[in-house]
file target_21.txt (compact mmCIF, C-alpha atoms)
# COMPACT_ATOMS: atom_id res chain seq x y z
CA SER A 1240 -36.25 44.76 47.17
CA LYS A 1241 -39.53 46.10 48.44
CA VAL A 1242 -39.51 46.14 52.25
CA LEU A 1243 -42.42 48.45 53.02
CA PRO A 1244 -46.08 47.96 51.94
CA PRO A 1245 -47.94 47.53 49.69
CA TYR A 1246 -46.86 43.89 49.52
CA LYS A 1247 -47.50 41.14 47.02
CA ALA A 1248 -50.25 38.66 47.92
CA GLY A 1249 -49.18 36.45 50.80
CA ASP A 1250 -46.32 38.69 51.98
CA THR A 1251 -46.25 40.00 55.56
CA PRO A 1252 -43.75 42.12 57.52
CA ALA A 1253 -42.42 38.88 59.06
CA SER A 1254 -41.91 37.14 55.69
CA VAL A 1255 -40.36 40.25 54.15
CA VAL A 1256 -37.92 40.59 57.04
CA PHE A 1257 -37.05 36.88 56.87
CA ASN A 1258 -36.36 37.00 53.11
CA ASN A 1259 -34.42 40.29 53.19
CA TYR A 1260 -32.70 39.97 56.57
CA GLU A 1261 -29.17 40.56 55.24
CA GLN A 1262 -30.18 44.03 53.99
CA PHE A 1263 -31.00 45.31 57.48
CA ASP A 1264 -27.70 47.01 58.30
CA ALA A 1265 -27.28 49.85 60.80
CA GLN A 1266 -27.96 52.57 58.22
CA PHE A 1267 -31.20 50.96 57.03
CA ILE A 1268 -32.44 50.43 60.60
CA LYS A 1269 -31.66 54.08 61.40
CA VAL A 1270 -33.89 55.19 58.50
CA LEU A 1271 -36.70 52.90 59.68
CA ASN A 1272 -36.38 54.22 63.25
CA GLU A 1273 -36.60 57.82 62.07
CA ARG A 1274 -39.72 57.03 60.04
CA ALA A 1275 -41.30 55.17 62.95
CA MET A 1276 -40.59 58.08 65.32
CA ASN A 1277 -42.43 60.33 62.87
CA GLY A 1278 -45.49 58.12 63.11
CA ASP A 1279 -44.95 55.74 60.17
CA ALA A 1280 -46.80 52.59 61.28
CA ASP A 1281 -45.41 50.51 58.38
CA SER A 1282 -41.83 51.20 59.45
CA GLN A 1283 -42.70 50.31 63.04
CA SER A 1284 -44.25 47.02 61.95
CA ILE A 1285 -41.05 46.16 60.07
CA LEU A 1286 -38.94 47.04 63.13
CA ASP A 1287 -41.18 44.85 65.32
CA ALA A 1288 -40.85 41.95 62.86
CA LEU A 1289 -37.08 42.53 62.73
CA ALA A 1290 -36.81 42.32 66.54
CA VAL A 1291 -38.66 38.99 66.50
CA GLU A 1292 -36.50 37.64 63.66
CA GLN A 1293 -33.31 38.72 65.45
CA GLN A 1294 -34.41 36.94 68.62
CA ASN A 1295 -35.30 33.83 66.62
CA ARG A 1296 -31.84 33.82 65.06
CA VAL A 1297 -30.12 34.32 68.41
CA ASN A 1298 -32.16 31.43 69.87
CA ALA A 1299 -31.25 29.21 66.92
CA ALA A 1300 -27.57 30.20 67.20
CA THR A 1301 -27.63 29.41 70.94
CA MET A 1302 -29.02 25.95 70.26
CA ASN A 1303 -26.45 25.34 67.53
CA ILE A 1304 -23.58 26.37 69.82
CA LYS A 1305 -24.88 24.07 72.56
CA GLU A 1306 -24.97 21.27 69.98
CA VAL A 1307 -21.35 21.99 68.98
CA LEU A 1308 -20.09 22.11 72.59
CA SER A 1309 -21.93 18.90 73.46
CA LYS A 1310 -19.46 16.99 71.24
CA GLY A 1311 -16.93 17.26 74.06
CA GLU A 1312 -13.71 16.98 72.06
CA PRO A 1313 -12.35 19.94 70.05
CA MET A 1314 -11.99 17.90 66.84
CA ARG A 1315 -15.59 16.70 67.08
CA MET A 1316 -16.71 20.27 67.79
CA GLU A 1317 -15.00 21.46 64.60
CA GLY A 1318 -16.68 18.62 62.73
CA ALA A 1319 -20.05 19.84 63.99
CA ILE A 1320 -19.22 23.34 62.75
CA VAL A 1321 -18.40 21.99 59.28
CA LYS A 1322 -21.79 20.28 59.23
CA LEU A 1323 -23.58 23.48 60.31
CA ALA A 1324 -21.79 25.48 57.59
CA LYS A 1325 -22.91 23.04 54.91
CA GLU A 1326 -26.47 23.44 56.20
CA GLY A 1327 -26.18 27.24 56.00
CA LYS A 1328 -26.51 27.69 59.77
CA ILE A 1329 -23.33 29.69 60.40
CA ASP A 1330 -24.65 33.26 60.59
CA GLU A 1331 -23.75 36.52 62.31
CA PRO A 1332 -25.51 35.68 65.62
CA PHE A 1333 -23.63 32.36 65.77
CA LEU A 1334 -20.26 34.10 65.29
CA LEU A 1335 -21.12 36.90 67.71
CA LEU A 1336 -22.16 34.43 70.42
CA LEU A 1337 -18.90 32.50 70.03
CA GLU A 1338 -17.00 35.78 70.32
CA ALA A 1339 -19.01 36.82 73.40
CA ASN A 1340 -18.38 33.46 75.06
CA ALA A 1341 -14.65 33.77 74.35
CA ASP A 1342 -14.57 37.29 75.84
CA GLN A 1343 -16.50 36.20 78.95
CA ALA A 1344 -14.21 33.22 79.51
CA ARG A 1345 -11.09 35.34 79.09
CA ALA A 1346 -12.44 38.01 81.46
CA ALA A 1347 -13.04 35.26 84.06
CA GLY A 1348 -9.45 34.04 83.68
CA ALA A 1349 -10.48 30.82 81.91
CA THR A 1350 -7.81 30.94 79.20
CA GLY A 1351 -8.36 27.39 77.93
CA PRO A 1352 -12.10 27.74 77.20
CA ALA A 1353 -11.50 31.22 75.77
CA ASP A 1354 -8.88 29.88 73.35
CA LEU A 1355 -11.20 27.05 72.35
CA MET A 1356 -14.08 29.46 71.61
CA THR A 1357 -11.75 31.65 69.55
CA LYS A 1358 -10.52 28.62 67.60
CA LEU A 1359 -14.09 27.46 66.96
CA ARG A 1360 -15.06 30.94 65.76
CA LYS A 1361 -12.13 31.04 63.32
CA ARG A 1362 -13.11 27.61 62.00
CA ALA A 1363 -16.74 28.73 61.66
CA ILE A 1364 -15.67 31.82 59.68
CA ALA A 1365 -13.44 29.73 57.41
CA GLU A 1366 -16.22 27.21 56.75
CA LYS A 1367 -18.73 29.99 56.10
CA ASP A 1368 -16.35 31.48 53.54
CA LYS A 1369 -16.13 28.13 51.74
CA GLN A 1370 -19.84 28.41 51.05
CA SER A 1371 -19.38 31.81 49.37
CA SER A 1372 -20.16 32.11 45.67
CA SER A 1373 -16.70 33.02 44.36
CA LYS A 1374 -13.03 32.95 45.29
CA GLU A 1375 -12.88 36.73 44.88
CA ILE A 1376 -15.62 37.29 47.48
CA LYS A 1377 -13.99 34.81 49.87
CA LEU A 1378 -10.66 36.63 49.57
CA LEU A 1379 -12.22 40.06 50.06
CA ARG A 1380 -14.09 38.91 53.15
CA GLN A 1381 -10.87 37.46 54.61
CA LEU A 1382 -9.03 40.70 53.95
CA LEU A 1383 -11.76 42.89 55.43
CA ARG A 1384 -11.63 40.87 58.66
CA GLU A 1385 -7.82 41.03 58.92
CA PRO A 1386 -6.65 44.24 60.69
CA ASP A 1387 -2.91 43.49 60.18
CA SER A 1388 -1.60 44.80 56.82
CA ASN A 1389 1.26 42.27 56.87
CA GLU A 1390 -1.22 39.40 57.19
CA ARG A 1391 -3.33 40.89 54.38
CA GLU A 1392 -0.21 40.99 52.22
CA LYS A 1393 0.39 37.27 52.84
CA LEU A 1394 -3.22 36.47 51.89
CA LEU A 1395 -2.91 38.50 48.67
CA GLU A 1396 0.42 36.88 47.76
CA GLU A 1397 -1.04 33.41 48.27
CA ALA A 1398 -4.09 34.22 46.15
CA PHE A 1399 -2.27 36.06 43.32
CA THR A 1400 0.75 33.74 42.90
CA PRO A 1401 0.38 31.43 39.86
CA LYS A 1402 0.31 27.75 40.78
CA GLU A 1403 1.28 24.75 38.67
CA ALA A 1404 -1.56 22.49 37.60
CA LEU A 1405 -1.34 19.14 39.38
CA ILE A 1406 -3.05 17.11 36.65
CA VAL A 1407 -1.79 17.18 33.06
CA PRO A 1408 -4.31 16.29 30.32
CA GLY A 1409 -3.47 12.83 29.04
CA THR A 1410 -2.37 13.48 25.46
CA SER A 1411 0.96 12.24 24.12
CA VAL A 1412 2.09 15.80 23.36
CA ASN A 1413 1.24 16.96 26.88
CA ALA A 1414 2.86 13.89 28.38
CA GLN A 1415 6.10 14.69 26.51
CA LYS A 1416 5.86 18.33 27.65
CA ALA A 1417 5.43 17.13 31.23
CA ILE A 1418 8.55 14.96 30.91
CA ASP A 1419 10.41 17.97 29.53
CA GLY A 1420 9.20 20.06 32.45
CA GLU A 1421 6.89 22.23 30.36
CA ALA A 1422 3.28 23.02 31.12
CA PRO A 1423 0.84 22.35 28.23
CA GLU A 1424 -0.58 25.50 26.70
CA GLU A 1425 -3.99 25.19 28.37
CA GLU A 1426 -2.43 24.30 31.71
CA LYS A 1427 -0.13 27.27 32.29
CA PRO A 1428 0.22 28.20 35.98
CA MET A 1429 -2.73 30.31 37.14
CA PRO A 1430 -3.40 32.15 40.40
CA ASP A 1431 -6.32 31.15 42.62
CA VAL A 1432 -7.63 34.69 42.17
CA PRO A 1433 -6.44 36.70 39.13
CA PRO A 1434 -5.77 40.31 40.21
CA PRO A 1435 -8.17 41.87 37.63
CA ASP A 1436 -10.99 39.61 38.83
CA PHE A 1437 -10.32 40.65 42.42
CA ILE A 1438 -10.38 44.34 41.52
CA ASN A 1439 -13.70 43.88 39.69
CA CYS A 1440 -15.06 42.20 42.82
CA CYS A 1441 -13.87 45.15 44.95
CA LYS A 1442 -15.54 47.52 42.52
CA ALA A 1443 -18.90 45.73 42.67
CA VAL A 1444 -18.95 45.57 46.47
CA MET A 1445 -17.85 49.18 46.78
CA LEU A 1446 -20.52 50.44 44.40
CA ASN A 1447 -23.30 48.69 46.27
CA PHE A 1448 -22.15 48.67 49.89
CA GLY A 1449 -19.39 51.30 50.09
CA ASN A 1450 -21.22 53.52 52.56
CA LEU A 1451 -22.17 50.69 54.93
CA ASN A 1452 -20.51 48.70 57.71
CA ILE A 1453 -19.23 51.74 59.62
CA ASP A 1454 -16.20 50.97 61.77
CA GLU A 1455 -14.98 53.81 64.00
CA GLU A 1456 -11.38 52.62 63.95
CA ARG A 1457 -11.00 51.48 60.33
CA GLY A 1458 -13.54 53.68 58.53
CA ASP A 1459 -16.49 52.65 56.38
CA LEU A 1460 -16.41 49.84 53.82
CA ALA A 1461 -15.31 52.09 50.96
CA VAL A 1462 -12.28 53.28 52.94
CA GLN A 1463 -11.31 49.71 53.83
CA ILE A 1464 -11.72 48.44 50.26
CA LYS A 1465 -9.62 51.29 48.83
CA ILE A 1466 -6.81 50.37 51.23
CA ILE A 1467 -7.08 46.70 50.26
CA ALA A 1468 -7.15 47.55 46.53
CA SER A 1469 -3.97 49.63 46.92
CA GLU A 1470 -2.29 46.74 48.74
CA ALA A 1471 -3.45 44.36 46.01
CA GLU A 1472 -1.89 46.63 43.36
CA VAL A 1473 1.49 46.53 45.12
CA VAL A 1474 1.42 42.73 45.58
CA ALA A 1475 0.30 42.04 41.99
CA THR A 1476 2.99 44.34 40.56
CA ARG A 1477 5.62 42.59 42.66
CA ILE A 1478 4.50 39.16 41.45
CA TYR A 1479 3.89 39.91 37.77
CA GLY A 1480 6.24 42.83 37.20
CA LYS A 1481 5.39 46.00 35.37
CA GLY A 1482 3.72 44.10 32.55
CA MET A 1483 0.83 42.94 34.72
CA SER A 1484 0.37 45.54 37.38
CA VAL A 1485 -3.16 45.88 38.68
CA ARG A 1486 -3.32 49.47 37.43
CA GLU A 1487 -2.46 48.46 33.89
CA GLN A 1488 -4.99 45.64 34.01
CA GLN A 1489 -7.58 48.20 35.08
CA ASP A 1490 -6.55 50.65 32.36
CA ARG A 1491 -7.20 47.87 29.87
CA ALA A 1492 -10.54 47.13 31.53
CA TRP A 1493 -11.40 50.82 31.30
CA LYS A 1494 -10.93 50.67 27.53
CA GLU A 1495 -13.36 47.75 27.57
CA GLN A 1496 -15.85 50.11 29.26
CA THR A 1497 -15.55 48.90 32.81
CA THR A 1498 -14.44 51.22 35.59
CA SER A 1499 -11.24 51.19 37.64
CA ILE A 1500 -11.86 51.18 41.38
CA PHE A 1501 -9.29 53.96 41.76
CA ASP A 1502 -11.27 56.28 39.45
CA LEU A 1503 -14.82 55.56 40.66
CA GLU A 1504 -15.08 58.29 43.25
CA THR A 1505 -13.68 61.03 41.00
CA LEU A 1506 -15.90 60.02 38.07
CA GLU A 1507 -19.04 59.91 40.19
CA ILE A 1508 -18.37 63.34 41.68
CA GLU A 1509 -17.64 64.80 38.23
CA ALA A 1510 -20.80 63.26 36.76
CA GLU A 1511 -22.95 64.64 39.57
CA ARG A 1512 -21.33 68.07 39.20
CA ARG A 1513 -22.38 68.10 35.53
CA GLY A 1514 -25.87 66.98 36.48
CA GLU A 1515 -25.35 63.62 34.78
CA THR A 1516 -25.77 60.05 35.93
CA ALA A 1517 -22.62 58.06 36.70
CA PRO A 1518 -21.93 55.56 33.87
CA TRP A 1519 -22.42 52.53 36.13
CA ALA A 1520 -25.82 53.78 37.33
CA ASN A 1521 -27.69 53.61 34.02
CA ALA A 1522 -30.93 51.75 33.39
CA ASP A 1523 -29.18 49.08 31.31
CA GLY A 1524 -27.08 48.06 34.30
CA GLY A 1525 -29.92 46.79 36.45
CA ASP A 1526 -28.97 43.14 36.14
CA GLU A 1527 -25.52 43.88 37.61
CA LEU A 1528 -26.87 45.50 40.78
CA LEU A 1529 -27.09 43.50 43.96
CA PRO A 1530 -30.59 42.78 45.31
CA GLY A 1531 -32.11 45.57 47.36
CA PHE A 1532 -30.29 48.42 45.67
CA GLY A 1533 -31.53 50.90 43.09
CA MET A 1534 -30.01 51.99 39.79
CA ASP A 1535 -27.98 54.62 41.64
CA GLY A 1536 -26.24 51.91 43.62
CA LYS A 1537 -27.93 53.04 46.85
CA MET A 1538 -30.10 50.97 49.14
CA GLN A 1539 -33.82 51.10 48.47
CA VAL A 1540 -36.25 51.77 51.29
CA GLY A 1541 -39.88 51.05 50.61
CA GLY A 1542 -41.54 51.75 47.26
CA ASN A 1543 -39.47 51.33 44.12
call {"tool": "encode", "arguments": {"input": "target_21.txt", "output": "structure tokens"}}
result
Amino acid sequence: SKVLPPYKAGDTPASVVFNNYEQFDAQFIKVLNERAMNGDADSQSILDALAVEQQNRVNAATMNIKEVLSKGEPMRMEGAIVKLAKEGKIDEPFLLLLEANADQARAAGATGPADLMTKLRKRAIAEKDKQSSSKEIKLLRQLLREPDSNEREKLLEEAFTPKEALIVPGTSVNAQKAIDGEAPEEEKPMPDVPPPDFINCCKAVMLNFGNLNIDEERGDLAVQIKIIASEAEVVATRIYGKGMSVREQQDRAWKEQTTSIFDLETLEIEAERRGETAPWANADGGDELLPGFGMDGKMQVGGN
């Protein structure tokens, strides 16, 4: 995504910031600040537009929270949050304001209001996740937010455990199989999130965002995802046995020319050492990259 000029006809710093807001993480803003301090007027104009957009989003989040709290009863408040989520209005400022309100209430000794704010925030996060594009992304986001490894293990077990289909296709053969306690061939128990699909999701996020989202206590995103992937391997092996361990699934995927998350770092370092491009950073892979990132998997700033 092209954030700095020259722009297409009709684009302005404000419209560019609005359309690419999710890309403005701490690392990107640091780069813009450094450029602005060195006299780059374009970077400064983007930072100015970003400050306005941030304030607009905080104002909107404040109004939305007031609307939620005006419902009076906790159940009605949660209903209002569900409505906001469906309208795409649950964003980072909304969640941060709920968290700040909970912290302020708790610091003032108001345990009841603090607990309510915390409950509303958890509901808002859950509803936001429901709007995500895939079950794998939803699961990864839940795991990244959960600091307790035991709770992460429970989430992984729930997602990876095969579940019986509730509805059996209405053929006579399938009906007889149902009576006999068998699942029809096309309705064998399946997990909500197959382990190989989850690992592929981890891989994609790590390639594109692995160096972002710095957390002093838990490390950057790549560190957190590697921990989660290792936990996923253990849980999947326990559920499926040796025949369907995550590592074996990934070894198979490797033969199909996709890359195991556990080998990515080593391969990239080796490729760079030989002066080559990592296999997932080639020109044919452009369609698989997330918006705003170049062929090398790194965030673009300005030009190309």
call {"tool": "atom_distance", "arguments": {"input": "target_21.txt", "atom1": "CA of Leu1379 (chain A)", "atom2": "CA of Cys1441 (chain A)"}}
result
7.4 Å
call {"tool": "atom_distance", "arguments": {"input": "target_21.txt", "atom1": "CA of Val1474 (chain A)", "atom2": "CA of Ala1365 (chain A)"}}
result
23.0 Å
call {"tool": "atom_distance", "arguments": {"input": "target_21.txt", "atom1": "CA of Gly1311 (chain A)", "atom2": "CA of Leu1337 (chain A)"}}
result
15.9 Å
call {"tool": "residues_near_point", "arguments": {"input": "target_21.txt", "point": "(-18.7, 21.9, 62.2)", "cutoff": "12 Å", "atoms": "only C-alpha atoms", "output": "PyMOL selection string"}}
result
chain A and resi 1303-1304+1306-1308+1310+1313-1329+1358-1367
call {"tool": "residues_around", "arguments": {"input": "target_21.txt", "residues": "Pro1430 (chain A)", "least_positions_apart": "2", "cutoff": "12 Å", "atoms": "only C-alpha atoms", "output": "JSON, numbers by chain"}}
result
{"A": [1374, 1375, 1395, 1396, 1397, 1398, 1399, 1400, 1401, 1402, 1403, 1404, 1426, 1427, 1428, 1432, 1433, 1434, 1435, 1436, 1437, 1475, 1478, 1479]}
call {"tool": "residues_around", "arguments": {"input": "target_21.txt", "residues": "Ala1288 (chain A)", "least_positions_apart": "6", "cutoff": "7 Å", "atoms": "all atoms listed in the file", "output": "number ranges by chain"}}
result
A: 1252-1253, 1256
call {"tool": "closest_residue", "arguments": {"input": "target_21.txt", "among": "A:Val1444, A:Glu1312, A:Val1291, A:Asp1264", "to": "Glu1331 (chain A)", "atoms": "all atoms listed in the file"}}
result
A:Asp1264
call {"tool": "closest_residue", "arguments": {"input": "target_21.txt", "among": "A:Asn1295, A:Gln1381, A:Asn1277, A:Asn1439", "to": "Lys1393 (chain A)", "atoms": "only C-alpha atoms"}}
result
A:Gln1381
call {"tool": "residues_around", "arguments": {"input": "target_21.txt", "residues": "region 1278-1287 of chain A", "least_positions_apart": "3", "cutoff": "9 Å", "atoms": "all atoms listed in the file", "output": "list in words"}}
result
Val1242, Leu1243, Pro1244, Pro1252, Ala1253, Val1255, Val1256, Ile1268, Val1270, Leu1271, Asn1272, Glu1273, Arg1274, Ala1275, Ala1290, Val1291 and Glu1292 of chain A
